[in-house]
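Peer 1: Input: one structure, supplied below.
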Amino acid sequence: MFVDEVKIHARAGRGGRGCVAFLREAFRPKGGPIGGDGGRGGHIILRADHDVSDLTDLYFAPRLKAEDGGHGLGKGMNGKAGRDLVVRVPCGTLVWRLPEPVAPAESQTAPGERVIQAAGAGQALEVDLAAAEEPAPAPQPSEDEPARARHELVADLTEHGQEVILCRGGRGGLGNRHFATARHQAPRFAQPGEPGEEGRFLLELRLIADIGLVGYPNAGKSTLLRAVSRAQPKVADYPFTTLHPHVGVVERPDWRRLTVCDIPGLIEGAHDNVGLGHAFLRHIRRCKALAIVLDMAGCDGREPWDDYANLLRELELYDPDLVARPRVVLANKMDEPAAAENLAEFRRRHPEVEPLPVAVAFDEGLEAMLAAFDRLVFGSETAA
């Protein structure tokens, strides 16, 4: 199970209350107030960890509650601070603050309506349909609208060990010793602890990788990832075999590493969230470069030059910055009979593009492809 988006409710710990106490010792019958302060409540802290791959843990435990602070004690002893709750999240997690839910307003009868109360417990509502006008529905934000346009961005956790305090614990109350004055030397009151911060949040994971594989379903992206790394995405001869993103690590001869992200296949209208397009496209927004994988044999009845134009259009409509990034075009399935003729036609229709012919199912053309990846990410090829 892969979870890349989850809503949580977080509440920090409440501060402990101050103590009302007086010093009582031998030969000091009126020692004065000596109540201790309450301890602060525990914070809720999010920490980025590269050993965590997704948000599954928070999906099954979406309510976070930190420990409350201890109450103050006599003899000036302060209560202990509440233990902080540290939650590990994957690197690349964005934290959005959700608005508080609006409580439904009390029902009021509109013009043309009359409430009929019977002698018993039941009641009925009589509505004059001729006089009543149907109210216009309030505009609701679209579910396809990006979260950044609707919510407040709290943090973007991209580095290992990076932390953010999601909710701060409440301050502990002061003991009665703080309220002693010359005129009021024995105060019998203290402060209560303050409540901790509370809120609803949306955690969104955007994978961090060097190369993002983009293409239509059944273009060979998962086969490519298995061929160059130890990642094991599912591979089959039907579309949408890949249902969630996979990241593989490519070891190069000079001890450098490449991370490659394979996202599920895109279809026409992905920028409008058709086929869960937003859920897939957001994982390539952090990639340094893109690799557009084309089925040059046209096994699913599509033309590769049309696929290339459609993919660029979907990327531009979703985020224009994606089209401006460095990219390489991979002409996959060159082992098929129709691939060579389609490659020549592709070059004629797109002379500005020089695709790399590969057949990843038979490990053909992989070295040239990895050399192109090195140029895109490192600026130079890897030394053998």
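Chain identifiers are assigned as A, B, and so on, following the order in which chains appear in the structure tokens; residues are numbered from 1 within each chain, and ligands are numbered from 1 in order of appearance.
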Using only C-alpha atoms, which residues sit within 7 Å of stretch 69-74 of chain A once same-chain residues fewer than 6 positions away are excluded, as a list in words?
Peer 2: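 So, after excluding close chain neighbours, the residues are Gly13, Arg14, Gly15, Gly16, Arg17, Gly18, Cys19, Ala21, Ile34, Gly35, Gly36, Asp37, Gly38, Gly39, Arg40, Gly41, Gly42, Lys80, Ala81, Gly82 and Gly175 of chain A.
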Peer 1: List the spatial neighbours of stretch 239-243 of chain A as a ChimeraX atom specification - criterion: any atom at most 10 Å away, only C-alpha atoms, same-chain residues fewer than 3 positions off excluded.
Peer 2: /A:2,216-219,221-222,233-236,246,262-266,280,300
Peer 1: At a cut-off of 10 Å, using only C-alpha atoms, what residues contact A:Glu5? Leave out same-chain residues fewer than 6 positions from it and give the result as an MDAnalysis selection string.
Peer 2: chainID A and resid 54:56 58:59 93:94 202:206 279
Peer 1: In terms of the shortest atom-to-atom distance over only C-alpha atoms, which of A:Val86, A:Ala371, A:Ala309, A:Cys299 is closest to A:Ala338?
Peer 2: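 Checking each of A:Val86, A:Ala371, A:Ala309, A:Cys299 against A:Ala338, counting only C-alpha atoms, the winner is A:Cys299.
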Peer 1: Using DSSP on the backbone coordinates, identify all residues within stretch 307-373 of chain A classified as strand (DSSP E or B); present the result as a list in words.
Peer 2: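 Everything in stretch 307-373 of chain A that counts as strand (DSSP E or B) is Arg327, Val328, Val329, Leu330, Ala331, Asn332, Leu356, Pro357, Ala359 and Glu364 of chain A.
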Peer 1: Please dump the current selection as a tab-separated table (two decimals), in the first residue's frame; keep C-alpha atoms.
Peer 2:
chain	number	residue	atom	x	y	z
A	327	ARG	CA	14.67	16.23	-21.07
A	328	VAL	CA	15.57	13.30	-23.24
A	329	VAL	CA	13.25	11.36	-25.56
A	330	LEU	CA	13.55	7.57	-25.51
A	331	ALA	CA	12.27	5.60	-28.50
A	332	ASN	CA	11.42	2.31	-26.82
A	356	LEU	CA	17.51	7.66	-28.41
A	357	PRO	CA	16.53	4.24	-29.79
A	359	ALA	CA	14.83	-1.77	-26.41
A	364	GLU	CA	19.69	-2.59	-25.92
Peer 1: I'd like the contact shell of A:Ala270 - 10 Å cut-off, only C-alpha atoms, skipping same-chain residues fewer than 4 positions apart - returned as a ChimeraX atom specification.
Peer 2: /A:265-266,274-281,311,313-315,317-318
Peer 1: Using the selection just defined, write its residues with C-alpha atoms as a PDB file, in the first residue's frame.
Peer 2:
ATOM      1  CA  GLY A 265       1.022   6.253 -17.254  1.00  0.00           C
ATOM      2  CA  LEU A 266      -0.619   9.514 -18.280  1.00  0.00           C
ATOM      3  CA  VAL A 274      -8.405  12.714 -15.629  1.00  0.00           C
ATOM      4  CA  GLY A 275      -7.153   9.279 -14.668  1.00  0.00           C
ATOM      5  CA  LEU A 276      -5.753  10.622 -11.366  1.00  0.00           C
ATOM      6  CA  GLY A 277      -3.412  12.828 -13.356  1.00  0.00           C
ATOM      7  CA  HIS A 278      -2.705  15.255 -10.496  1.00  0.00           C
ATOM      8  CA  ALA A 279      -1.837  12.403  -8.135  1.00  0.00           C
ATOM      9  CA  PHE A 280       0.808  11.193 -10.615  1.00  0.00           C
ATOM     10  CA  LEU A 281       2.123  14.444 -12.066  1.00  0.00           C
ATOM     11  CA  LEU A 311       2.567  14.523 -23.403  1.00  0.00           C
ATOM     12  CA  ARG A 313       0.821  19.581 -23.899  1.00  0.00           C
ATOM     13  CA  GLU A 314      -0.306  17.832 -20.714  1.00  0.00           C
ATOM     14  CA  LEU A 315       2.906  18.816 -18.922  1.00  0.00           C
ATOM     15  CA  LEU A 317      -1.022  22.713 -19.008  1.00  0.00           C
ATOM     16  CA  TYR A 318      -0.274  21.213 -15.590  1.00  0.00           C
TER      17      TYR A 318
END
